[in-house]
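Below is the file final-v4.txt, which contains compact mmCIF, C-alpha atoms.
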```txt
# COMPACT_ATOMS: atom_id res chain seq x y z
CA MET A 8 38.66 -4.73 -1.37
CA ARG A 9 36.39 -5.89 -4.18
CA CYS A 10 32.90 -6.98 -3.19
CA VAL A 11 31.16 -9.93 -4.79
CA ARG A 12 27.63 -9.04 -5.75
CA ALA A 13 25.03 -11.72 -5.08
CA PRO A 14 23.02 -12.89 -8.08
CA PRO A 15 19.64 -11.10 -8.33
CA GLY A 16 17.80 -14.37 -7.80
CA THR A 17 19.46 -14.85 -4.41
CA GLY A 18 18.09 -11.61 -3.02
CA ALA A 19 14.65 -12.29 -4.49
CA ALA A 20 14.56 -15.79 -2.97
CA ALA A 21 15.58 -14.37 0.41
CA LEU A 22 12.82 -11.75 0.29
CA MET A 23 10.22 -14.37 -0.63
CA LEU A 24 11.08 -16.11 2.64
CA LEU A 25 11.76 -13.03 4.77
CA LEU A 26 8.57 -11.09 3.98
CA PRO A 27 6.08 -13.86 4.95
CA ALA A 28 8.22 -14.73 7.97
CA THR A 29 8.14 -11.09 9.10
CA MET A 30 4.38 -10.92 8.65
CA PHE A 31 3.80 -14.03 10.76
CA HIS A 32 6.29 -12.79 13.36
CA LEU A 33 4.29 -9.58 13.74
CA LEU A 34 0.98 -11.46 13.98
CA LEU A 35 2.37 -13.68 16.73
CA VAL A 36 4.19 -11.09 18.84
CA ALA A 37 1.23 -8.67 18.71
CA ARG A 38 -0.86 -11.14 20.72
CA SER A 39 1.96 -12.18 23.05
CA GLY A 40 2.46 -10.74 26.53
CA PRO A 41 5.87 -9.09 25.97
CA ALA A 42 4.95 -7.83 22.46
CA ARG A 43 8.63 -7.38 21.60
CA LEU A 44 9.31 -6.39 18.01
CA LEU A 45 12.85 -7.75 18.12
CA GLY A 46 12.15 -10.77 20.31
CA LEU A 47 10.98 -14.21 19.28
CA PRO A 48 7.33 -15.09 19.93
CA PRO A 49 7.01 -16.95 23.26
CA HIS A 50 5.04 -19.72 21.59
CA LEU A 51 5.04 -20.89 17.99
CA PRO A 52 1.69 -22.12 16.64
CA ALA A 53 1.14 -25.78 15.85
CA PRO A 54 0.92 -26.53 12.09
CA GLU A 55 -2.81 -27.21 12.38
CA ALA A 56 -3.30 -23.67 13.73
CA LEU A 57 -2.19 -22.29 10.38
CA TRP A 58 -4.61 -24.29 8.28
CA SER A 59 -8.37 -23.98 8.35
CA PRO A 60 -10.80 -24.99 5.58
CA GLY A 61 -13.09 -22.28 6.92
CA ALA A 62 -10.37 -19.67 6.47
CA LEU A 63 -9.74 -20.85 2.92
CA LEU A 64 -13.45 -20.65 2.10
CA LEU A 65 -13.72 -17.22 3.69
CA TRP A 66 -10.67 -15.95 1.79
CA LEU A 67 -11.88 -17.25 -1.58
CA THR A 68 -15.33 -15.77 -0.90
CA TRP A 69 -13.71 -12.43 -0.10
CA LEU A 70 -11.71 -12.41 -3.33
CA GLY A 71 -14.77 -13.46 -5.32
CA LEU A 72 -16.88 -10.73 -3.74
CA GLN A 73 -14.34 -8.01 -4.52
CA ALA A 74 -13.90 -9.35 -8.06
CA ALA A 75 -17.69 -9.16 -8.52
CA PHE A 76 -17.69 -5.55 -7.31
CA TYR A 77 -14.84 -4.81 -9.75
CA LEU A 78 -16.94 -6.11 -12.65
CA LEU A 79 -19.99 -4.01 -11.77
CA PRO A 80 -20.72 -1.10 -14.12
CA ALA A 81 -18.45 1.82 -13.26
CA HIS A 82 -19.52 5.45 -13.29
CA LYS A 83 -16.28 6.23 -15.13
CA MET A 84 -13.71 4.42 -17.29
CA ALA A 85 -10.21 5.91 -17.24
CA GLU A 86 -7.36 5.44 -19.68
CA GLY A 87 -3.93 4.41 -18.42
CA GLN A 88 -0.54 5.63 -19.61
CA GLU A 89 0.58 5.00 -23.18
CA LEU A 90 2.17 1.55 -23.57
CA LYS A 91 5.06 0.43 -25.76
CA ASP A 92 2.71 -0.39 -28.63
CA LYS A 93 1.14 3.10 -28.33
CA SER A 94 -2.13 1.69 -26.98
CA ARG A 95 -3.85 2.66 -23.73
CA LEU A 96 -5.71 0.30 -21.43
CA ARG A 97 -9.05 1.24 -19.90
CA TYR A 98 -9.81 0.84 -16.19
CA PRO A 99 -13.07 0.96 -14.22
CA ILE A 100 -13.14 3.64 -11.52
CA ASN A 101 -15.41 1.98 -8.95
CA GLY A 102 -13.15 1.22 -5.98
CA PHE A 103 -14.99 3.55 -3.61
CA GLN A 104 -18.23 1.95 -4.74
CA ALA A 105 -16.75 -1.43 -3.74
CA LEU A 106 -15.89 -0.04 -0.29
CA VAL A 107 -19.44 1.25 0.23
CA LEU A 108 -21.02 -2.01 -0.96
CA THR A 109 -18.71 -3.99 1.32
CA ALA A 110 -19.68 -1.78 4.26
CA LEU A 111 -23.39 -2.30 3.50
CA LEU A 112 -22.98 -6.08 3.31
CA VAL A 113 -20.96 -6.20 6.52
CA GLY A 114 -23.53 -4.00 8.24
CA LEU A 115 -26.36 -6.27 7.14
CA GLY A 116 -24.39 -9.30 8.28
CA VAL A 117 -23.71 -7.87 11.73
CA SER A 118 -27.38 -6.90 12.06
CA ALA A 119 -28.30 -10.50 11.24
CA GLY A 120 -25.96 -11.83 13.93
CA LEU A 121 -22.69 -12.25 12.04
CA PRO A 122 -19.95 -12.63 14.72
CA LEU A 123 -17.50 -10.19 13.12
CA GLY A 124 -15.24 -10.22 16.17
CA MET A 125 -14.48 -13.90 15.54
CA LEU A 126 -12.47 -12.81 12.52
CA THR A 127 -9.67 -11.86 14.91
CA GLU A 128 -9.25 -15.54 15.87
CA MET A 129 -8.72 -16.44 12.20
CA LEU A 130 -5.95 -14.00 11.34
CA LEU A 131 -3.19 -16.63 11.34
CA PRO A 132 -4.94 -19.13 9.01
CA LEU A 133 -6.22 -16.28 6.84
CA ALA A 134 -2.69 -14.90 6.51
CA TRP A 135 -1.49 -18.40 5.62
CA VAL A 136 -4.03 -18.90 2.82
CA ALA A 137 -3.37 -15.36 1.56
CA THR A 138 0.34 -16.19 1.34
CA LEU A 139 -0.37 -19.45 -0.49
CA THR A 140 -2.67 -17.55 -2.84
CA ALA A 141 0.11 -15.06 -3.60
CA PHE A 142 2.56 -17.86 -4.44
CA ILE A 143 0.11 -19.77 -6.64
CA PHE A 144 -1.17 -16.63 -8.35
CA SER A 145 2.40 -15.45 -9.02
CA LEU A 146 3.26 -18.80 -10.59
CA LEU A 147 0.22 -18.59 -12.90
CA LEU A 148 1.17 -15.02 -13.86
CA TYR A 149 4.75 -16.10 -14.58
CA LEU A 150 3.56 -18.92 -16.85
CA LYS A 151 1.09 -16.59 -18.56
CA ALA A 152 3.89 -14.08 -19.23
CA LEU A 153 5.88 -16.72 -21.11
CA MET A 154 3.29 -16.42 -23.88
CA ALA A 155 2.97 -12.64 -23.77
CA PRO A 156 4.40 -10.50 -26.59
CA ALA A 157 7.54 -8.49 -25.90
CA SER A 158 5.53 -5.25 -25.90
CA ALA A 159 3.53 -6.49 -22.89
CA LEU A 160 6.55 -7.19 -20.68
CA ALA A 161 7.69 -4.99 -17.81
CA PRO A 162 11.09 -3.24 -17.98
CA GLY A 163 12.52 -4.84 -14.84
CA GLY A 164 11.18 -8.37 -14.61
CA ASN A 165 12.85 -9.92 -17.63
CA SER A 166 16.39 -10.55 -16.48
CA GLY A 167 16.45 -14.17 -17.59
CA ASN A 168 16.76 -15.28 -13.96
CA PRO A 169 13.52 -17.22 -13.25
CA VAL A 170 13.53 -16.54 -9.49
CA TYR A 171 14.13 -12.82 -9.90
CA ASP A 172 11.55 -12.53 -12.68
CA PHE A 173 9.02 -14.53 -10.65
CA PHE A 174 9.52 -12.09 -7.77
CA LEU A 175 9.32 -8.85 -9.77
CA GLY A 176 6.84 -10.03 -12.39
CA ARG A 177 7.43 -10.38 -16.12
CA GLU A 178 4.21 -8.95 -17.54
CA LEU A 179 3.34 -5.30 -16.97
CA ASN A 180 -0.45 -5.50 -17.15
CA PRO A 181 -1.62 -9.14 -17.01
CA ARG A 182 -5.28 -9.35 -17.96
CA PHE A 183 -7.92 -11.98 -18.47
CA GLY A 184 -10.30 -10.30 -20.87
CA SER A 185 -10.98 -6.87 -19.42
CA PHE A 186 -10.09 -7.97 -15.88
CA ASP A 187 -6.77 -6.34 -14.97
CA CYS A 188 -5.13 -8.48 -12.26
CA LYS A 189 -2.62 -5.90 -11.00
CA TYR A 190 -5.06 -3.00 -10.92
CA PHE A 191 -7.64 -5.15 -9.09
CA CYS A 192 -5.16 -6.29 -6.42
CA GLU A 193 -3.57 -2.87 -5.98
CA LEU A 194 -6.47 -1.24 -4.09
CA ARG A 195 -9.32 -3.71 -3.63
CA PRO A 196 -9.01 -6.92 -1.56
CA GLY A 197 -6.02 -5.82 0.52
CA LEU A 198 -6.98 -2.24 1.38
CA ILE A 199 -10.64 -2.98 2.03
CA GLY A 200 -9.60 -6.13 3.90
CA TRP A 201 -7.33 -3.98 6.09
CA VAL A 202 -10.19 -1.78 7.33
CA LEU A 203 -12.43 -4.84 7.76
CA ILE A 204 -9.81 -6.49 10.01
CA ASN A 205 -9.51 -3.23 11.95
CA LEU A 206 -13.28 -3.17 12.42
CA ALA A 207 -13.31 -6.78 13.59
CA LEU A 208 -10.62 -5.95 16.16
CA LEU A 209 -12.68 -2.98 17.35
CA VAL A 210 -15.79 -5.17 17.71
CA GLN A 211 -13.80 -7.83 19.57
CA GLU A 212 -12.42 -5.21 21.96
CA ALA A 213 -15.95 -3.93 22.59
CA GLU A 214 -17.07 -7.47 23.42
CA LEU A 215 -14.17 -7.95 25.84
CA LEU A 216 -14.15 -4.52 27.54
CA GLY A 217 -17.75 -3.39 27.09
CA SER A 218 -16.85 -0.62 24.61
CA PRO A 219 -14.01 0.20 22.23
CA SER A 220 -11.18 2.26 23.65
CA LEU A 221 -10.50 5.77 22.44
CA ALA A 222 -7.15 4.57 21.07
CA MET A 223 -8.89 1.87 19.00
CA TRP A 224 -11.38 4.41 17.66
CA LEU A 225 -8.56 6.70 16.54
CA VAL A 226 -6.61 3.95 14.77
CA ASN A 227 -9.75 2.75 12.98
CA GLY A 228 -10.79 6.27 12.01
CA PHE A 229 -7.37 7.38 10.77
CA GLN A 230 -6.82 4.28 8.66
CA LEU A 231 -10.38 4.27 7.29
CA LEU A 232 -9.81 7.85 6.13
CA TYR A 233 -6.60 6.78 4.39
CA VAL A 234 -8.21 3.82 2.61
CA GLY A 235 -11.30 5.82 1.70
CA ASP A 236 -9.11 8.56 0.25
CA ALA A 237 -7.14 6.04 -1.84
CA LEU A 238 -10.32 4.53 -3.28
CA TRP A 239 -12.02 7.90 -3.81
CA HIS A 240 -8.97 9.03 -5.80
CA GLU A 241 -8.51 5.62 -7.42
CA GLU A 242 -7.73 7.04 -10.85
CA ALA A 243 -4.50 8.54 -9.49
CA VAL A 244 -3.01 5.05 -9.06
CA LEU A 245 -2.79 4.76 -12.86
CA THR A 246 0.22 7.10 -12.88
CA THR A 247 2.13 5.35 -10.06
CA MET A 248 5.27 3.27 -10.55
CA ASP A 249 3.41 0.11 -9.51
CA ILE A 250 1.10 0.41 -12.52
CA THR A 251 3.30 2.11 -15.12
CA HIS A 252 6.65 0.42 -14.52
CA ASP A 253 6.59 -2.65 -12.26
CA GLY A 254 5.60 -6.10 -13.45
CA PHE A 255 3.02 -8.08 -11.53
CA GLY A 256 4.81 -10.87 -9.70
CA PHE A 257 5.19 -12.13 -6.17
CA MET A 258 6.42 -8.79 -4.81
CA LEU A 259 3.17 -6.98 -5.59
CA ALA A 260 0.85 -10.00 -5.27
CA PHE A 261 2.05 -10.82 -1.76
CA GLY A 262 2.21 -7.16 -0.81
CA ASP A 263 -1.32 -6.40 -1.98
CA LEU A 264 -3.06 -9.58 -0.82
CA ALA A 265 -1.23 -10.50 2.41
CA TRP A 266 1.23 -7.88 3.66
CA VAL A 267 -1.17 -4.92 3.54
CA PRO A 268 -4.20 -6.34 5.41
CA PHE A 269 -2.31 -8.41 7.99
CA THR A 270 0.63 -6.07 8.66
CA TYR A 271 -0.95 -2.64 8.29
CA SER A 272 -3.57 -3.61 10.89
CA LEU A 273 -0.76 -4.11 13.44
CA GLN A 274 -1.70 -1.11 15.61
CA ALA A 275 -5.28 -2.35 16.04
CA GLN A 276 -3.99 -5.88 16.74
CA PHE A 277 -1.66 -4.52 19.40
CA LEU A 278 -4.43 -2.51 21.07
CA LEU A 279 -6.73 -5.53 21.32
CA TYR A 280 -4.19 -7.49 23.35
CA HIS A 281 -2.50 -4.51 25.06
CA PRO A 282 -5.14 -1.82 25.79
CA GLN A 283 -3.67 1.65 26.23
CA PRO A 284 -5.17 4.51 28.25
CA LEU A 285 -5.59 7.68 26.23
CA GLU A 286 -6.78 10.99 27.62
CA LEU A 287 -8.85 13.36 25.50
CA PRO A 288 -6.21 16.16 25.35
CA THR A 289 -3.59 13.68 24.11
CA ALA A 290 -6.06 12.26 21.60
CA SER A 291 -6.73 15.79 20.33
CA VAL A 292 -3.02 16.37 19.71
CA ILE A 293 -2.75 13.03 17.86
CA CYS A 294 -5.76 13.98 15.72
CA LEU A 295 -4.03 17.26 14.88
CA VAL A 296 -0.86 15.38 13.84
CA ASN A 297 -2.91 13.12 11.55
CA ALA A 298 -4.80 16.10 10.13
CA VAL A 299 -1.52 17.88 9.29
CA GLY A 300 -0.18 14.75 7.61
CA TYR A 301 -3.37 14.24 5.64
CA TYR A 302 -3.48 17.90 4.61
CA ILE A 303 0.04 17.70 3.17
CA PHE A 304 -0.57 14.27 1.59
CA ARG A 305 -3.84 15.17 -0.08
CA GLY A 306 -2.80 18.70 -1.04
CA ALA A 307 0.41 17.50 -2.72
CA ASN A 308 -1.24 14.63 -4.57
CA SER A 309 -4.20 16.74 -5.71
CA GLN A 310 -1.89 19.47 -6.97
CA LYS A 311 0.20 16.95 -8.92
CA ASN A 312 -2.83 15.19 -10.41
CA THR A 313 -4.53 18.45 -11.36
CA PHE A 314 -1.37 19.68 -13.08
CA ARG A 315 -0.94 16.41 -14.98
CA LYS A 316 -4.51 16.50 -16.25
CA ASN A 317 -4.66 20.18 -17.14
CA PRO A 318 -1.73 22.58 -16.56
CA SER A 319 -4.06 25.46 -17.46
CA ASP A 320 -6.41 24.71 -14.56
CA PRO A 321 -6.75 27.92 -12.48
CA ARG A 322 -5.69 26.03 -9.34
CA VAL A 323 -2.24 25.29 -10.78
CA ALA A 324 -1.86 27.71 -13.72
CA GLY A 325 0.15 30.19 -11.62
CA LEU A 326 2.70 27.66 -10.37
CA GLU A 327 6.29 28.00 -11.51
CA THR A 328 7.67 25.21 -13.71
CA ILE A 329 10.81 24.00 -15.46
CA SER A 330 10.60 22.86 -19.08
CA THR A 331 12.10 19.48 -20.00
CA ALA A 332 13.34 17.95 -23.25
CA THR A 333 10.35 15.56 -23.21
CA GLY A 334 7.92 18.48 -23.46
CA LYS A 335 6.66 18.00 -19.90
CA GLN A 336 6.90 20.57 -17.13
CA LEU A 337 8.33 20.06 -13.62
CA LEU A 338 6.63 21.94 -10.77
CA VAL A 339 9.05 24.00 -8.67
CA SER A 340 6.54 25.91 -6.53
CA GLY A 341 3.54 25.06 -4.40
CA TRP A 342 3.85 21.78 -2.52
CA TRP A 343 6.42 20.47 -5.02
CA GLY A 344 8.67 23.46 -4.44
CA MET A 345 8.88 22.69 -0.72
CA VAL A 346 10.42 19.20 -1.09
CA ARG A 347 10.65 16.79 -4.03
CA HIS A 348 8.22 14.32 -2.48
CA PRO A 349 5.78 16.21 -0.23
CA ASN A 350 3.26 13.37 -0.48
CA TYR A 351 5.81 11.06 1.18
CA LEU A 352 6.20 13.60 4.00
CA GLY A 353 2.45 13.58 4.59
CA ASP A 354 2.43 9.78 4.50
CA LEU A 355 5.10 9.58 7.21
CA ILE A 356 3.36 12.09 9.48
CA MET A 357 0.15 10.07 9.23
CA ALA A 358 2.09 6.86 9.95
CA LEU A 359 3.34 8.46 13.17
CA ALA A 360 -0.21 9.48 14.13
CA TRP A 361 -1.44 5.90 13.62
CA SER A 362 1.17 4.61 16.08
CA LEU A 363 0.88 7.25 18.81
CA PRO A 364 -2.46 5.95 20.21
CA CYS A 365 -0.56 2.77 21.14
CA GLY A 366 1.62 4.66 23.62
CA VAL A 367 5.39 4.67 23.82
CA SER A 368 6.06 1.64 26.01
CA HIS A 369 6.45 -0.74 23.05
CA LEU A 370 8.33 -0.45 19.76
CA LEU A 371 6.06 -2.96 18.01
CA PRO A 372 3.25 -0.53 16.99
CA TYR A 373 5.88 1.69 15.39
CA PHE A 374 6.97 -1.06 12.99
CA TYR A 375 4.80 0.44 10.25
CA LEU A 376 6.48 3.84 10.65
CA LEU A 377 9.96 2.29 10.54
CA TYR A 378 9.13 0.03 7.60
CA PHE A 379 7.36 2.77 5.66
CA THR A 380 10.26 5.18 6.18
CA ALA A 381 12.66 2.64 4.70
CA LEU A 382 10.23 1.90 1.86
CA LEU A 383 9.74 5.56 0.93
CA VAL A 384 13.45 6.37 1.10
CA HIS A 385 14.13 3.44 -1.24
CA ARG A 386 11.28 4.46 -3.53
CA GLU A 387 12.49 8.05 -3.54
CA ALA A 388 15.97 6.90 -4.61
CA ARG A 389 14.45 4.84 -7.40
CA ASP A 390 12.29 7.80 -8.48
CA GLU A 391 15.35 10.06 -8.53
CA GLN A 392 17.26 7.68 -10.80
CA GLN A 393 14.40 7.32 -13.25
CA CYS A 394 13.65 11.04 -13.34
CA LEU A 395 17.33 11.79 -13.99
CA GLN A 396 17.32 9.38 -16.94
CA LYS A 397 14.05 10.81 -18.23
CA TYR A 398 14.57 14.56 -17.75
CA GLY A 399 18.37 14.92 -17.73
CA LEU A 400 19.56 18.51 -17.24
CA ALA A 401 16.08 19.69 -16.29
CA TRP A 402 16.12 17.29 -13.34
CA HIS A 403 19.51 18.62 -12.21
CA GLU A 404 18.02 22.12 -12.26
CA TYR A 405 14.96 20.92 -10.34
CA CYS A 406 17.19 19.35 -7.66
CA ARG A 407 19.13 22.60 -7.39
CA ARG A 408 15.90 24.55 -6.94
CA VAL A 409 14.36 22.01 -4.56
CA PRO A 410 17.30 20.55 -2.58
CA TYR A 411 15.36 18.59 0.05
CA ARG A 412 13.95 15.20 -0.85
CA ILE A 413 11.27 14.41 1.77
CA VAL A 414 11.75 16.40 5.00
CA PRO A 415 12.56 20.12 4.71
CA TYR A 416 16.03 21.05 6.03
CA ILE A 417 16.68 17.46 7.12
CA TYR A 418 16.52 15.09 4.14
```

Show me, as structure tokens, the structure contained in the file I just sent.
Amino acid sequence: MRCVRAPPGTGAAALMLLLPATMFHLLLVARSGPARLLGLPPHLPAPEALWSPGALLLWLTWLGLQAAFYLLPAHKMAEGQELKDKSRLRYPINGFQALVLTALLVGLGVSAGLPLGMLTEMLLPLAWVATLTAFIFSLLLYLKALMAPASALAPGGNSGNPVYDFFLGRELNPRFGSFDCKYFCELRPGLIGWVLINLALLVQEAELLGSPSLAMWLVNGFQLLYVGDALWHEEAVLTTMDITHDGFGFMLAFGDLAWVPFTYSLQAQFLLYHPQPLELPTASVICLVNAVGYYIFRGANSQKNTFRKNPSDPRVAGLETISTATGKQLLVSGWWGMVRHPNYLGDLIMALAWSLPCGVSHLLPYFYLLYFTALLVHREARDEQQCLQKYGLAWHEYCRRVPYRIVPYIY
């Protein structure tokens, strides 16, 4: 039986509705009594509950603050990958600096009486204005790309279907002067906003219960480590698919600005409304799980980045490689000889550790693990296809030498 393939714009339009709907579903069920991932929220909010001028002002202030931190002098400027016109863009490496400055400002604000816990009551309207921002911003980027030269366009977002191209993004690196929109959104407002929301949930729990629970401390600590690591190693993002291949459209704009802060904080949201007892021995085991995941994640990424920068570095010079027709080498020992994507394995182990403090009575806190597994499997398949096109026979040899994709002896 022959299948009829839906036009690419149909799937893109569906995702532009499904992703925000999923985000709001998670926000609503996390605070509901049953907290069922697959059940409808007991009560839908009134339209006025989604709109707040104060939330809009707070959101615009947040974006402006992070943009100001982006424009501050950076201790280092890094060059991106070579573009179609043989040029290389320059990027400020000051994301960790932005995290520290944000922490100092928040600390000063709390000391002066800022009711940080009240932020938890504004999550719905904040998520709403973040979603509106993503739509409006994506429209501006789409219109801007209509005037961009062909060399500035992304490989995938120029199908000729306006809906599909709006979703994926037409321009690879949209900039206003030296301000790179995609690079700014990739790690700044969303990631730092995520840990700020987590902190607000911790403060609110302390106000309600007298002190934060051990489970809440673990979730905040684990996820702060993850965000801090991403910003400390900010330069590594310049070699990721998001920066080198994908256009900047609704998919990344919504993901960076709305999905990350309001969905990735789901475990802390769940714990505020559904406190979970956690004994110290169990907490110690969960910490060990997170430490193992982080060790694999950081070790694999550091090894890859070191090898890309300088294959003669003593830390990687002894690793076995396969030569390719492009002149590049593929690692087939060390972390990258264990599985083809050891960093994904570490990511998934950490995702499990973030959910375990929430207990096992509800599926909802494990949404991130389920979603991230699907995301990484899809990303791995896309990576495989591109590497096969790029490296040809060398990639076949690499796959023969390293047969497992993410999980040793399983997948």

Calculate how many Å separate atom CA of Ala260 of chain A from atom CA of Leu194 of chain A, rounding to one decimal.
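Between atom CA of Ala260 of chain A and atom CA of Leu194 of chain A the gap works out to 11.5 Å.
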
Thr246 of chain A surroundings by all atoms listed in the file, 12 Å radius, close-in-sequence under 2 positions cut, as a PyMOL selection string:
chain A and resi 85-89+190+240-244+248-253+308+311-312+315-316

Could the residues of segment 109-200 of chain A that have an atom at most 9 Å from segment 30-43 of chain A be listed as CSV, each with its closest atom pair and the distance in Å to one decimal, counting all atoms listed in the file and ordered by chain and ascending residue number?
```
residue,atom,partner,partner_atom,distance
A:Leu130,CA,A:Leu34,CA,7.8
A:Leu131,CA,A:Leu34,CA,7.1
A:Ala134,CA,A:Phe31,CA,7.8
A:Trp135,CA,A:Phe31,CA,8.6
```

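Reported to one decimal place, the separation of atom CA of Met357 of chain A from atom CA of Val296 of chain A is 7.1 Å.
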
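Nearest to Gly16 of chain A of all the residues A:Gly164, A:Gly399, A:Pro99, A:Pro181 is A:Gly164, based on only C-alpha atoms.
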